[in-house]
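Visitor: Data: run31.txt, compact mmCIF, C-alpha atoms.
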# COMPACT_ATOMS: atom_id res chain seq x y z
CA MET A 1 88.35 100.80 58.65
CA LYS A 2 86.76 104.02 59.83
CA VAL A 3 87.41 107.19 57.84
CA ASP A 4 86.54 110.76 58.83
CA ILE A 5 87.00 113.61 56.39
CA VAL A 6 86.89 116.90 58.28
CA THR A 7 87.01 120.43 56.84
CA PRO A 8 86.68 123.82 58.54
CA ASP A 9 83.16 124.05 57.14
CA GLY A 10 82.05 120.74 58.57
CA VAL A 11 82.46 116.99 58.56
CA LEU A 12 82.18 115.79 54.96
CA PHE A 13 82.34 112.08 55.46
CA SER A 14 82.36 109.64 58.30
CA GLY A 15 81.98 105.94 57.75
CA GLU A 16 83.41 102.52 57.06
CA VAL A 17 85.45 101.86 53.92
CA GLU A 18 87.77 99.13 52.72
CA ALA A 19 90.56 101.40 51.59
CA VAL A 20 91.34 105.05 51.09
CA ALA A 21 93.78 106.54 48.59
CA VAL A 22 95.24 109.96 49.36
CA PRO A 23 97.53 112.37 47.46
CA GLY A 24 100.59 112.49 49.72
CA VAL A 25 103.31 115.08 49.07
CA ASN A 26 105.73 112.29 48.18
CA GLY A 27 103.22 110.62 45.91
CA ASP A 28 99.81 109.03 46.14
CA PHE A 29 99.43 106.18 48.53
CA MET A 30 96.68 103.93 49.76
CA ILE A 31 95.76 103.08 53.32
CA LEU A 32 94.28 99.66 53.96
CA ASN A 33 93.34 97.92 57.14
CA HIS A 34 96.20 97.49 59.67
CA HIS A 35 98.28 100.20 58.10
CA ALA A 36 101.14 101.37 60.34
CA PRO A 37 100.47 104.66 62.14
CA ILE A 38 101.23 107.52 59.78
CA ILE A 39 100.94 111.28 59.64
CA SER A 40 101.34 112.79 56.20
CA ILE A 41 100.80 116.07 54.43
CA LEU A 42 98.54 115.94 51.41
CA GLN A 43 98.85 118.00 48.28
CA LYS A 44 96.25 119.04 45.76
CA GLY A 45 94.57 116.00 44.34
CA ASN A 46 91.81 113.49 44.88
CA ILE A 47 90.87 111.44 47.89
CA ARG A 48 89.41 108.11 46.82
CA LEU A 49 87.22 106.13 49.16
CA ILE A 50 86.95 102.52 48.11
CA GLY A 51 84.44 100.03 49.36
CA GLU A 52 80.95 98.73 48.97
CA ASN A 53 77.86 100.55 50.19
CA ILE A 54 79.54 103.85 50.95
CA THR A 55 76.85 106.38 51.64
CA ILE A 56 77.16 110.11 51.80
CA GLU A 57 74.59 112.65 52.87
CA ASP A 58 72.49 114.07 50.08
CA GLU A 59 73.32 117.73 50.70
CA LEU A 60 77.04 116.98 50.41
CA ALA A 61 76.72 114.81 47.33
CA ASP A 62 77.70 117.57 44.88
CA LYS A 63 81.19 117.77 46.42
CA PHE A 64 81.92 114.15 45.57
CA THR A 65 82.14 112.22 42.36
CA LEU A 66 80.40 108.89 42.62
CA LYS A 67 81.65 105.87 40.78
CA LYS A 68 81.02 102.20 41.15
CA GLU A 69 82.37 101.16 44.56
CA GLU A 70 84.42 104.32 44.70
CA ILE A 71 83.88 107.92 45.78
CA ILE A 72 86.20 110.72 44.77
CA LEU A 73 86.68 114.00 46.62
CA PRO A 74 89.01 116.67 45.23
CA ILE A 75 91.01 118.64 47.82
CA GLN A 76 93.39 121.60 47.76
CA SER A 77 95.59 120.47 50.63
CA GLY A 78 95.30 118.52 53.81
CA THR A 79 96.75 116.25 56.42
CA VAL A 80 96.08 112.62 57.10
CA GLU A 81 96.52 110.71 60.30
CA ALA A 82 95.98 106.99 60.47
CA LYS A 83 96.27 104.77 63.52
CA ASN A 84 94.50 101.66 64.82
CA ASN A 85 92.37 101.36 61.67
CA LYS A 86 91.04 104.87 62.13
CA VAL A 87 91.85 107.46 59.47
CA ILE A 88 91.27 111.15 59.98
CA ILE A 89 91.74 113.44 57.00
CA LEU A 90 91.86 117.18 57.58
CA ALA A 91 91.08 118.62 54.17
CA GLU A 92 90.69 122.03 52.62
CA MET B 1 46.25 167.01 76.75
CA ALA B 2 47.06 166.06 73.18
CA ASN B 3 44.05 165.66 70.97
CA LEU B 4 42.63 162.29 70.00
CA LYS B 5 43.81 162.28 66.42
CA ASP B 6 47.42 162.97 67.40
CA ILE B 7 47.45 160.11 69.86
CA ARG B 8 45.86 157.78 67.37
CA THR B 9 48.57 158.55 64.79
CA ARG B 10 51.28 157.94 67.35
CA ILE B 11 49.79 154.61 68.39
CA GLN B 12 49.76 153.58 64.77
CA SER B 13 53.37 154.52 64.17
CA VAL B 14 54.54 152.79 67.35
CA SER B 15 52.64 149.66 66.29
CA SER B 16 54.28 149.53 62.90
CA THR B 17 57.73 150.06 64.45
CA MET B 18 56.95 147.20 66.78
CA GLN B 19 56.10 144.98 63.85
CA ILE B 20 59.39 145.80 62.18
CA THR B 21 61.52 145.19 65.26
CA ASN B 22 59.67 141.98 65.94
CA ALA B 23 60.28 140.75 62.41
CA MET B 24 63.98 141.66 62.67
CA LYS B 25 64.16 139.73 65.90
CA MET B 26 62.76 136.64 64.21
CA VAL B 27 65.16 136.94 61.30
CA SER B 28 68.13 137.32 63.63
CA ALA B 29 67.04 134.35 65.70
CA ALA B 30 67.04 132.19 62.58
CA LYS B 31 70.42 133.52 61.45
CA LEU B 32 71.86 133.08 64.92
CA LYS B 33 70.94 129.42 64.83
CA LYS B 34 72.77 129.06 61.52
CA ALA B 35 75.82 130.94 62.79
CA GLN B 36 75.97 128.77 65.89
CA ASP B 37 75.71 125.63 63.79
CA ALA B 38 78.62 126.82 61.68
CA ILE B 39 80.75 127.28 64.80
CA GLU B 40 79.76 123.79 65.90
CA ARG B 41 80.71 122.38 62.50
CA MET B 42 84.23 123.78 62.48
CA ARG B 43 84.97 122.46 65.95
CA PRO B 44 86.03 118.90 64.94
CA TYR B 45 88.56 120.33 62.45
CA ALA B 46 89.98 122.85 64.90
CA GLU B 47 90.25 120.29 67.69
CA LYS B 48 91.94 117.66 65.58
CA LEU B 49 94.38 120.21 64.19
CA THR B 50 95.33 121.43 67.65
CA GLU B 51 95.71 117.86 68.84
CA LEU B 52 98.02 116.94 65.96
CA LEU B 53 100.05 120.10 66.33
CA SER B 54 100.56 119.84 70.06
CA GLY B 55 101.40 116.15 69.75
CA LEU B 56 103.99 116.90 67.11
CA THR B 57 105.61 119.87 68.82
CA ALA B 58 105.78 118.01 72.14
CA SER B 59 108.20 115.46 70.76
CA LEU B 60 110.32 118.03 68.97
CA ASP B 61 113.15 119.69 70.87
CA SER B 62 113.50 123.04 69.20
CA ASP B 63 110.88 125.74 68.92
CA MET B 64 109.17 124.98 65.66
CA GLY B 65 107.12 128.09 64.96
CA GLY B 66 109.30 129.03 62.02
CA ALA B 67 108.77 132.40 60.35
CA TYR B 68 105.40 132.90 61.99
CA ALA B 69 106.77 132.71 65.52
CA GLN B 70 109.60 135.19 65.04
CA GLU B 71 109.56 137.77 67.85
CA ARG B 72 110.88 141.07 66.57
CA GLU B 73 111.17 144.49 68.12
CA VAL B 74 107.71 145.91 67.58
CA LYS B 75 107.76 148.90 65.27
CA LYS B 76 104.80 148.38 62.99
CA VAL B 77 101.54 146.99 64.26
CA LEU B 78 98.58 145.78 62.25
CA LEU B 79 95.20 145.88 63.97
CA VAL B 80 92.29 143.91 62.56
CA PRO B 81 89.02 145.07 64.09
CA ILE B 82 86.12 142.78 63.15
CA THR B 83 82.63 144.30 63.30
CA SER B 84 79.38 143.72 61.47
CA ASN B 85 78.26 145.29 58.21
CA ARG B 86 74.97 146.53 59.62
CA GLY B 87 73.91 148.38 62.72
CA LEU B 88 70.95 147.94 65.05
CA CYS B 89 72.78 145.48 67.22
CA GLY B 90 73.35 147.35 70.44
CA ALA B 91 76.81 148.36 71.62
CA LEU B 92 78.50 145.50 69.77
CA ASN B 93 80.29 147.52 67.11
CA SER B 94 81.03 150.60 69.18
CA ASN B 95 82.73 148.37 71.76
CA ILE B 96 85.10 147.10 69.08
CA ILE B 97 85.74 150.59 67.73
CA LYS B 98 86.39 151.95 71.22
CA GLN B 99 88.78 149.12 72.00
CA THR B 100 90.63 149.70 68.72
CA GLU B 101 90.97 153.42 69.43
CA LYS B 102 92.16 152.70 72.92
CA LEU B 103 94.85 150.36 71.61
CA ILE B 104 96.02 152.94 69.08
CA GLU B 105 96.06 155.82 71.57
CA ASP B 106 97.50 153.97 74.56
CA GLU B 107 99.32 150.74 74.00
CA TYR B 108 100.71 151.43 70.53
CA LYS B 109 101.00 155.21 70.86
CA ASP B 110 104.65 155.30 69.80
CA LYS B 111 104.35 152.62 67.16
CA GLU B 112 103.36 152.82 63.59
CA VAL B 113 99.85 151.43 63.34
CA GLU B 114 97.90 150.33 60.30
CA LEU B 115 94.47 148.76 60.13
CA ILE B 116 92.64 146.22 58.04
CA THR B 117 88.97 146.44 58.87
CA ILE B 118 86.47 143.65 58.49
CA GLY B 119 82.92 144.98 58.58
CA LYS B 120 81.49 148.21 57.23
CA LYS B 121 80.93 149.70 60.68
CA ALA B 122 84.58 149.56 61.65
CA TYR B 123 85.62 150.96 58.29
CA ASP B 124 83.20 153.90 58.48
CA ALA B 125 84.22 154.79 62.00
CA LEU B 126 87.97 154.40 61.72
CA THR B 127 88.89 155.38 58.19
CA LYS B 128 88.70 159.13 58.84
CA LYS B 129 91.07 159.11 61.79
CA TYR B 130 93.51 156.28 61.17
CA PRO B 131 95.33 154.69 58.24
CA VAL B 132 93.02 151.91 57.11
CA ILE B 133 94.88 150.13 54.32
CA ALA B 134 92.17 147.65 53.39
CA ASN B 135 88.54 146.92 54.02
CA LYS B 136 87.46 143.30 53.80
CA SER B 137 83.75 143.76 54.51
CA ASP B 138 82.73 141.63 51.54
CA LEU B 139 83.89 138.54 53.45
CA TYR B 140 80.45 138.45 55.02
CA ASP B 141 78.75 138.01 51.64
CA HIS B 142 80.13 134.50 51.28
CA LEU B 143 81.38 133.51 54.66
CA ASP B 144 83.33 130.33 54.13
CA TYR B 145 86.77 129.05 54.98
CA ALA B 146 88.32 129.53 51.55
CA HIS B 147 87.67 133.29 51.42
CA VAL B 148 88.75 133.87 55.00
CA ALA B 149 91.89 131.78 54.53
CA GLU B 150 92.84 133.96 51.58
CA VAL B 151 92.71 137.14 53.67
CA ALA B 152 94.52 135.44 56.55
CA GLY B 153 97.15 134.25 54.09
CA GLU B 154 97.80 137.81 52.86
CA ILE B 155 98.24 139.06 56.41
CA MET B 156 100.57 136.17 57.25
CA LYS B 157 102.64 136.90 54.19
CA ASP B 158 102.96 140.56 55.20
CA PHE B 159 104.18 139.45 58.60
CA VAL B 160 106.78 137.10 57.14
CA ASP B 161 107.92 139.88 54.77
CA GLN B 162 108.48 141.98 57.90
CA LYS B 163 105.89 144.54 56.86
CA TYR B 164 104.42 144.18 60.34
CA ASP B 165 105.97 143.03 63.58
CA LYS B 166 102.75 142.26 65.35
CA VAL B 167 99.18 141.51 64.28
CA ILE B 168 96.25 141.88 66.65
CA LEU B 169 92.66 140.73 66.13
CA ILE B 170 89.87 142.60 67.88
CA TYR B 171 86.52 140.85 67.76
CA ASN B 172 83.46 139.91 69.76
CA SER B 173 83.61 136.40 71.07
CA PHE B 174 80.26 134.74 71.26
CA VAL B 175 79.14 133.57 74.70
CA ASN B 176 75.39 133.49 74.26
CA ALA B 177 72.67 135.59 72.64
CA ALA B 178 72.79 138.14 75.45
CA THR B 179 76.54 138.19 76.13
CA GLN B 180 79.41 138.99 73.79
CA ASN B 181 82.88 139.79 75.02
CA VAL B 182 85.38 142.03 73.28
CA GLU B 183 88.44 139.90 72.66
CA THR B 184 91.90 141.27 71.86
CA GLU B 185 93.95 138.42 70.51
CA GLN B 186 97.51 138.30 69.27
CA PHE B 187 97.42 136.68 65.85
CA LEU B 188 101.10 136.98 64.97
CA PRO B 189 103.78 136.22 66.02
CA VAL B 190 102.25 132.90 66.95
CA LYS B 191 102.79 131.49 70.39
CA THR B 192 103.56 127.82 70.07
CA GLU B 193 102.36 125.92 73.06
CA LYS B 194 104.43 123.12 74.41
CA SER B 195 102.21 120.39 75.70
CA ASP B 196 103.14 117.38 77.75
CA SER B 197 100.90 115.04 75.85
CA ASN B 198 103.27 112.66 74.16
CA LEU B 199 102.25 110.67 71.18
CA VAL B 200 103.22 107.22 72.32
CA LEU B 201 102.61 105.69 68.93
CA ASP B 202 105.47 105.48 66.53
CA TYR B 203 104.25 107.32 63.52
CA ILE B 204 105.63 107.26 60.04
CA TYR B 205 106.10 110.90 59.12
CA GLU B 206 105.85 112.02 55.55
CA PRO B 207 107.81 114.24 54.97
CA SER B 208 109.62 114.82 58.29
CA GLN B 209 108.06 115.71 61.61
CA ALA B 210 109.45 119.25 61.51
CA GLU B 211 108.14 119.84 58.01
CA ILE B 212 104.69 118.69 59.00
CA VAL B 213 104.69 121.16 61.86
CA LEU B 214 105.70 123.96 59.51
CA GLU B 215 102.85 122.96 57.24
CA LEU B 216 100.31 122.78 60.04
CA ILE B 217 101.06 126.11 61.71
CA PRO B 218 99.68 128.26 58.86
CA LYS B 219 96.61 126.03 58.81
CA SER B 220 96.05 126.51 62.49
CA LEU B 221 96.53 130.28 62.10
CA LYS B 222 93.94 130.40 59.34
CA THR B 223 91.57 128.38 61.47
CA GLN B 224 92.09 130.82 64.32
CA PHE B 225 91.29 133.72 62.01
CA TYR B 226 88.23 131.94 60.69
CA LYS B 227 87.02 131.24 64.20
CA ALA B 228 87.31 134.93 65.11
CA ILE B 229 85.14 135.90 62.16
CA ARG B 230 82.66 133.14 62.83
CA ASP B 231 82.42 134.32 66.43
CA ALA B 232 81.89 137.90 65.34
CA TRP B 233 79.19 136.74 62.95
CA ALA B 234 77.31 134.82 65.63
CA SER B 235 77.77 137.70 68.08
CA GLU B 236 76.23 140.12 65.63
CA HIS B 237 73.05 138.10 65.29
CA GLY B 238 72.88 137.35 68.99
CA ALA B 239 73.23 141.02 69.85
CA ARG B 240 70.72 142.07 67.23
CA MET B 241 68.21 139.54 68.46
CA THR B 242 68.55 140.79 72.02
CA SER B 243 68.38 144.46 71.11
CA MET B 244 65.39 143.94 68.82
CA HIS B 245 63.68 142.03 71.57
CA LYS B 246 64.22 144.97 73.90
CA ALA B 247 63.00 147.38 71.25
CA THR B 248 59.83 145.36 70.80
CA ASP B 249 59.25 145.35 74.55
CA ASN B 250 59.77 149.10 74.74
CA ALA B 251 57.41 149.68 71.85
CA LYS B 252 54.79 147.57 73.55
CA GLU B 253 55.15 149.53 76.77
CA MET B 254 54.87 152.78 74.88
CA LYS B 255 51.83 151.58 73.01
CA ASP B 256 50.11 150.62 76.26
CA GLU B 257 50.85 154.01 77.73
CA LEU B 258 49.53 155.79 74.66
CA THR B 259 46.39 153.67 74.61
CA LEU B 260 45.75 154.62 78.23
CA GLN B 261 46.26 158.27 77.35
CA TYR B 262 43.96 157.89 74.37
CA ASN B 263 41.19 156.37 76.47
CA LYS B 264 41.57 159.09 79.09
CA ALA B 265 41.28 161.76 76.44
CA ARG B 266 38.27 160.04 74.89
CA GLN B 267 36.63 159.78 78.33
CA ALA B 268 37.26 163.49 78.91
CA VAL B 269 35.63 164.38 75.60
CA ILE B 270 32.55 162.28 76.41
CA THR B 271 32.32 163.75 79.92
CA GLY B 272 32.54 167.19 78.38
CA GLU B 273 29.77 166.40 75.92
CA ILE B 274 27.45 165.00 78.62
CA LEU B 275 28.12 168.02 80.76
CA GLU B 276 27.12 170.28 77.88
CA ILE B 277 23.88 168.36 77.21
CA VAL B 278 22.94 168.28 80.90
CA SER B 279 23.62 171.94 81.43
CA GLY B 280 21.73 172.74 78.21
CA ALA B 281 18.71 170.73 79.42
CA GLU B 282 18.97 172.39 82.84
CA ALA B 283 18.92 175.81 81.20
CA LEU B 284 15.79 174.92 79.16
CA LYS B 285 13.98 173.65 82.26
CA ASN B 286 14.58 176.90 84.13
CA SER B 287 13.36 179.18 81.44
Mind converting the file's structure to structure tokens?

Guide:
Amino acid sequence: MKVDIVTPDGVLFSGEVEAVAVPGVNGDFMILNHHAPIISILQKGNIRLIGENITIEDELADKFTLKKEEIILPIQSGTVEAKNNKVIILAE
Amino acid sequence: MANLKDIRTRIQSVSSTMQITNAMKMVSAAKLKKAQDAIERMRPYAEKLTELLSGLTASLDSDMGGAYAQEREVKKVLLVPITSNRGLCGALNSNIIKQTEKLIEDEYKDKEVELITIGKKAYDALTKKYPVIANKSDLYDHLDYAHVAEVAGEIMKDFVDQKYDKVILIYNSFVNAATQNVETEQFLPVKTEKSDSNLVLDYIYEPSQAEIVLELIPKSLKTQFYKAIRDAWASEHGARMTSMHKATDNAKEMKDELTLQYNKARQAVITGEILEIVSGAEALKNS
């Protein structure tokens, strides 16, 4: 599953992950492969990218929290669109 | 003809000016590159947002602008001229100031006009003549989305509270280093565009489609505001680079001219000296 995290100040992440958990307005939810097409508003919270060998660029590393097989990015608000195993997160 | 020492001093001062303008040109070229990169970087976000928004509004029947799209009888207008904090960048800032004055004197002559200036130059020029209620020049110190969104948010709130009936942005849009166009853009009320592009996919909407649109419109407004400032920022450095380049060229030309003058004067002095020696020798021979 391909995930892009885009902010007005640049693309923060673009790569393959196994799953992504996002803070939806009606509660956190996780998107896995073959998820039905969805558009949702995100509230303040953490985006969690789950998978092995997720790499992020060095200069952006301080925005993320790295854990074992998991990367966490805090956001203020955002929107997520998922279709055809491609997830685009517009974050602030 | 001016004496040698005078010319020499002038050559020296022109040279040092040339060094300064040349250095400023280099600095601006580097900053321009950065500013252009920043515009590039925000493009994916802006494009995706527009795509989502137009896809969502296309399949909705009613006009979904909400409070931000409300067209009212225009009584109070807010103008937001965006200039740079520093000068030495050609006609860039005076174009914006002129355009702002023109709008106040012509188009909104009978309306109540207030201004929020962004950039020290606009503030200095306009504050004496017109009611400038706020000056947001410090945005340039840390130019990022969060700070700009905050200012945009305040303006949007004022519009919703009916403090203003129309908000106009005046800024330089960046074409290339040599060209910047003065842009007068209606910020609020927002014009929602109906597009024909239909999202064929059946999406799950969370919450509802209409609520998502209402959530996305402020975001797209803030992005629009941010883009205007980013453009103004790039324009400033482009214009400064070009004008400093011209200044360096002019200084070089002037230096060449002065050097020629200096050599002519030097030649004249030598000729004069030889003439004196020869005529002195001639006088001795005759006696």

Visitor: If we count all atoms listed in the file, what is near stretch 21-29 of chain A at a cut-off of 8 Å, once residues fewer than 4 positions away on the same chain are taken out, given as a PyMOL selection string?

Guide: (chain A and resi 40-50) or (chain B and resi 206-207)

Visitor: If you measure from atom CA of B:Leu52 to atom CA of A:Met30, what distance in Å do you get, rounded to one decimal?

Guide: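 According to the coordinates, atom CA of B:Leu52 and atom CA of A:Met30 are separated by 20.8 Å.
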
Visitor: List the residues sitting within 7 Å of (83.9, 143.1, 63.3) in the file's frame, using only C-alpha atoms, as number ranges by chain.

Guide: B: 81-84, 93, 118-119, 122, 171, 232

Visitor: I want to know what sits within 7 Å of stretch 7-14 of chain B, based on all atoms listed in the file, with residues of the same chain fewer than 6 positions away left out; could you give that as a list in words?

Guide: Ala251, Lys255, Leu258 and Tyr262 of chain B

Visitor: Please return, as a JSON list (two decimals) with C-alpha atoms, in the frame of the given file, all residues of chain B lying within 6 Å of chain A when only C-alpha atoms are considered.

Guide:
[["chain", "number", "residue", "atom", "x", "y", "z"],
["B", 41, "ARG", "CA", 80.71, 122.38, 62.50],
["B", 42, "MET", "CA", 84.23, 123.78, 62.48],
["B", 45, "TYR", "CA", 88.56, 120.33, 62.45],
["B", 203, "TYR", "CA", 104.25, 107.32, 63.52],
["B", 204, "ILE", "CA", 105.63, 107.26, 60.04],
["B", 205, "TYR", "CA", 106.10, 110.90, 59.12],
["B", 206, "GLU", "CA", 105.85, 112.02, 55.55]]

Visitor: Smallest atom-to-atom distance to A:Ile54: which of A:Ile75, A:Leu66, A:Leu12, A:Leu32, using all atoms listed in the file?

Guide: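 The shortest atom-to-atom distance to A:Ile54 comes from A:Leu66.
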
Visitor: At what distance in Å, to one decimal, does atom CA of B:Ser54 lie from atom CA of B:Lys166?

Guide: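 Computing it gives 23.0 Å between the two atoms.
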
Visitor: Stretch 9-16 of chain B, all listed atoms, 6 Å padding on each side: what axis-aligned box centre and edge lengths in Å to one decimal come out, as lines of an AutoDock Vina configuration file?

Guide:
center_x = 51.6
center_y = 154.0
center_z = 65.6
size_x = 18.0
size_y = 21.0
size_z = 17.5

Visitor: Every residue with an atom at most 7 Å from (89.8, 142.8, 66.8) (file coordinates; only C-alpha atoms) is what I'm after, so could you write them as a short mmCIF file (atom, residue, chain, number, x, y, z; two decimals) with C-alpha atoms, in the coordinates of the input?

Guide:
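Below is the file selection_21.cif, written as the result:
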data_model
loop_
_atom_site.label_atom_id
_atom_site.label_comp_id
_atom_site.auth_asym_id
_atom_site.auth_seq_id
_atom_site.Cartn_x
_atom_site.Cartn_y
_atom_site.Cartn_z
CA LEU B 79 95.20 145.88 63.97
CA VAL B 80 92.29 143.91 62.56
CA PRO B 81 89.02 145.07 64.09
CA ILE B 82 86.12 142.78 63.15
CA ILE B 96 85.10 147.10 69.08
CA ILE B 168 96.25 141.88 66.65
CA LEU B 169 92.66 140.73 66.13
CA ILE B 170 89.87 142.60 67.88
CA TYR B 171 86.52 140.85 67.76
CA GLU B 183 88.44 139.90 72.66
CA THR B 184 91.90 141.27 71.86
#

Visitor: Here is a test: counting all atoms listed in the file, which residue of B:Lys252, B:Glu282, B:Gln70, B:Thr17 is nearest to B:Asp161?

Guide: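 Using all atoms listed in the file, the shortest distance to B:Asp161 belongs to B:Gln70.
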
Visitor: Provide the atom CA of B:Lys102 to atom CA of B:Leu126 distance in Å, to one decimal place.

Guide: 12.1 Å

Visitor: Just checking: using only C-alpha atoms, which residue out of B:Asn95, B:Asn172, B:Asn85, B:Gln209 ends up closest to B:Leu139?

Guide: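 The answer is B:Asn85, which sits nearest to B:Leu139.
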
Visitor: Near B:Gly90, counting only C-alpha atoms, which residues have an atom at most 10 Å away, once you skip same-chain residues fewer than 4 positions from it, shown as a ChimeraX atom specification?

Guide: /B:94-95,236,239-244

Visitor: Pick out the closest residue to B:Leu56 from this set: B:Leu221, B:Leu214, B:Ala29, B:Ile133. Count all atoms listed in the file.

Guide: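 Using all atoms listed in the file, B:Leu56 sits closest to B:Leu214.
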
Visitor: Have a look at B:Glu154, B:Glu114, B:Glu215, B:Glu185 and name the one nearest to B:Pro131; count only C-alpha atoms.

Guide: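 Using only C-alpha atoms, the shortest distance to B:Pro131 belongs to B:Glu114.
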
Visitor: With all atoms listed in the file as the counted atoms, please give the residues lying no more than 8 Å from A:Asn33, apart from itself and same-chain residues fewer than 3 positions off, as a PyMOL selection string.

Guide: chain A and resi 1+18-19+85

Visitor: Would you fill the gaps in stretch 56-62 of chain A so it has all heavy atoms, then print it as a PDB file, in the frame of the given file?

Guide:
ATOM      1  N   ILE A  56      76.896 108.749  51.376  1.00  0.00           N
ATOM      2  CA  ILE A  56      77.160 110.110  51.800  1.00  0.00           C
ATOM      3  C   ILE A  56      75.837 110.858  51.868  1.00  0.00           C
ATOM      4  O   ILE A  56      74.871 110.493  51.197  1.00  0.00           O
ATOM      5  CB  ILE A  56      78.133 110.850  50.842  1.00  0.00           C
ATOM      6  CG1 ILE A  56      77.722 110.621  49.392  1.00  0.00           C
ATOM      7  CG2 ILE A  56      79.548 110.413  51.073  1.00  0.00           C
ATOM      8  CD1 ILE A  56      78.563 111.406  48.429  1.00  0.00           C
ATOM      9  N   GLU A  57      75.834 111.893  52.699  1.00  0.00           N
ATOM     10  CA  GLU A  57      74.590 112.650  52.870  1.00  0.00           C
ATOM     11  C   GLU A  57      74.246 113.399  51.592  1.00  0.00           C
ATOM     12  O   GLU A  57      75.118 113.862  50.872  1.00  0.00           O
ATOM     13  CB  GLU A  57      74.731 113.624  54.032  1.00  0.00           C
ATOM     14  CG  GLU A  57      74.637 112.927  55.375  1.00  0.00           C
ATOM     15  CD  GLU A  57      75.038 113.856  56.508  1.00  0.00           C
ATOM     16  OE1 GLU A  57      74.560 114.991  56.523  1.00  0.00           O
ATOM     17  OE2 GLU A  57      75.827 113.424  57.351  1.00  0.00           O
ATOM     18  N   ASP A  58      72.958 113.497  51.337  1.00  0.00           N
ATOM     19  CA  ASP A  58      72.490 114.070  50.080  1.00  0.00           C
ATOM     20  C   ASP A  58      72.980 115.494  49.835  1.00  0.00           C
ATOM     21  O   ASP A  58      73.388 115.843  48.738  1.00  0.00           O
ATOM     22  CB  ASP A  58      70.947 114.053  50.038  1.00  0.00           C
ATOM     23  CG  ASP A  58      70.437 112.650  49.803  1.00  0.00           C
ATOM     24  OD1 ASP A  58      71.254 111.810  49.361  1.00  0.00           O
ATOM     25  OD2 ASP A  58      69.254 112.390  50.059  1.00  0.00           O
ATOM     26  N   GLU A  59      72.967 116.313  50.914  1.00  0.00           N
ATOM     27  CA  GLU A  59      73.320 117.730  50.700  1.00  0.00           C
ATOM     28  C   GLU A  59      74.804 117.935  50.419  1.00  0.00           C
ATOM     29  O   GLU A  59      75.213 118.989  49.961  1.00  0.00           O
ATOM     30  CB  GLU A  59      72.870 118.596  51.891  1.00  0.00           C
ATOM     31  CG  GLU A  59      73.537 118.280  53.207  1.00  0.00           C
ATOM     32  CD  GLU A  59      72.562 117.557  54.136  1.00  0.00           C
ATOM     33  OE1 GLU A  59      71.836 116.648  53.664  1.00  0.00           O
ATOM     34  OE2 GLU A  59      72.497 117.907  55.304  1.00  0.00           O
ATOM     35  N   LEU A  60      75.611 116.874  50.697  1.00  0.00           N
ATOM     36  CA  LEU A  60      77.040 116.980  50.410  1.00  0.00           C
ATOM     37  C   LEU A  60      77.420 116.290  49.108  1.00  0.00           C
ATOM     38  O   LEU A  60      78.562 116.330  48.672  1.00  0.00           O
ATOM     39  CB  LEU A  60      77.849 116.360  51.550  1.00  0.00           C
ATOM     40  CG  LEU A  60      77.687 117.021  52.925  1.00  0.00           C
ATOM     41  CD1 LEU A  60      78.337 116.172  53.992  1.00  0.00           C
ATOM     42  CD2 LEU A  60      78.278 118.408  52.930  1.00  0.00           C
ATOM     43  N   ALA A  61      76.429 115.669  48.484  1.00  0.00           N
ATOM     44  CA  ALA A  61      76.720 114.810  47.330  1.00  0.00           C
ATOM     45  C   ALA A  61      77.396 115.545  46.184  1.00  0.00           C
ATOM     46  O   ALA A  61      78.199 114.956  45.455  1.00  0.00           O
ATOM     47  CB  ALA A  61      75.423 114.165  46.831  1.00  0.00           C
ATOM     48  N   ASP A  62      77.131 116.859  46.029  1.00  0.00           N
ATOM     49  CA  ASP A  62      77.700 117.570  44.880  1.00  0.00           C
ATOM     50  C   ASP A  62      79.206 117.810  45.027  1.00  0.00           C
ATOM     51  O   ASP A  62      79.873 118.177  44.069  1.00  0.00           O
ATOM     52  CB  ASP A  62      76.962 118.891  44.652  1.00  0.00           C
ATOM     53  CG  ASP A  62      76.970 119.769  45.891  1.00  0.00           C
ATOM     54  OD1 ASP A  62      77.066 119.188  46.997  1.00  0.00           O
ATOM     55  OD2 ASP A  62      76.901 120.997  45.756  1.00  0.00           O
TER      56      ASP A  62
END
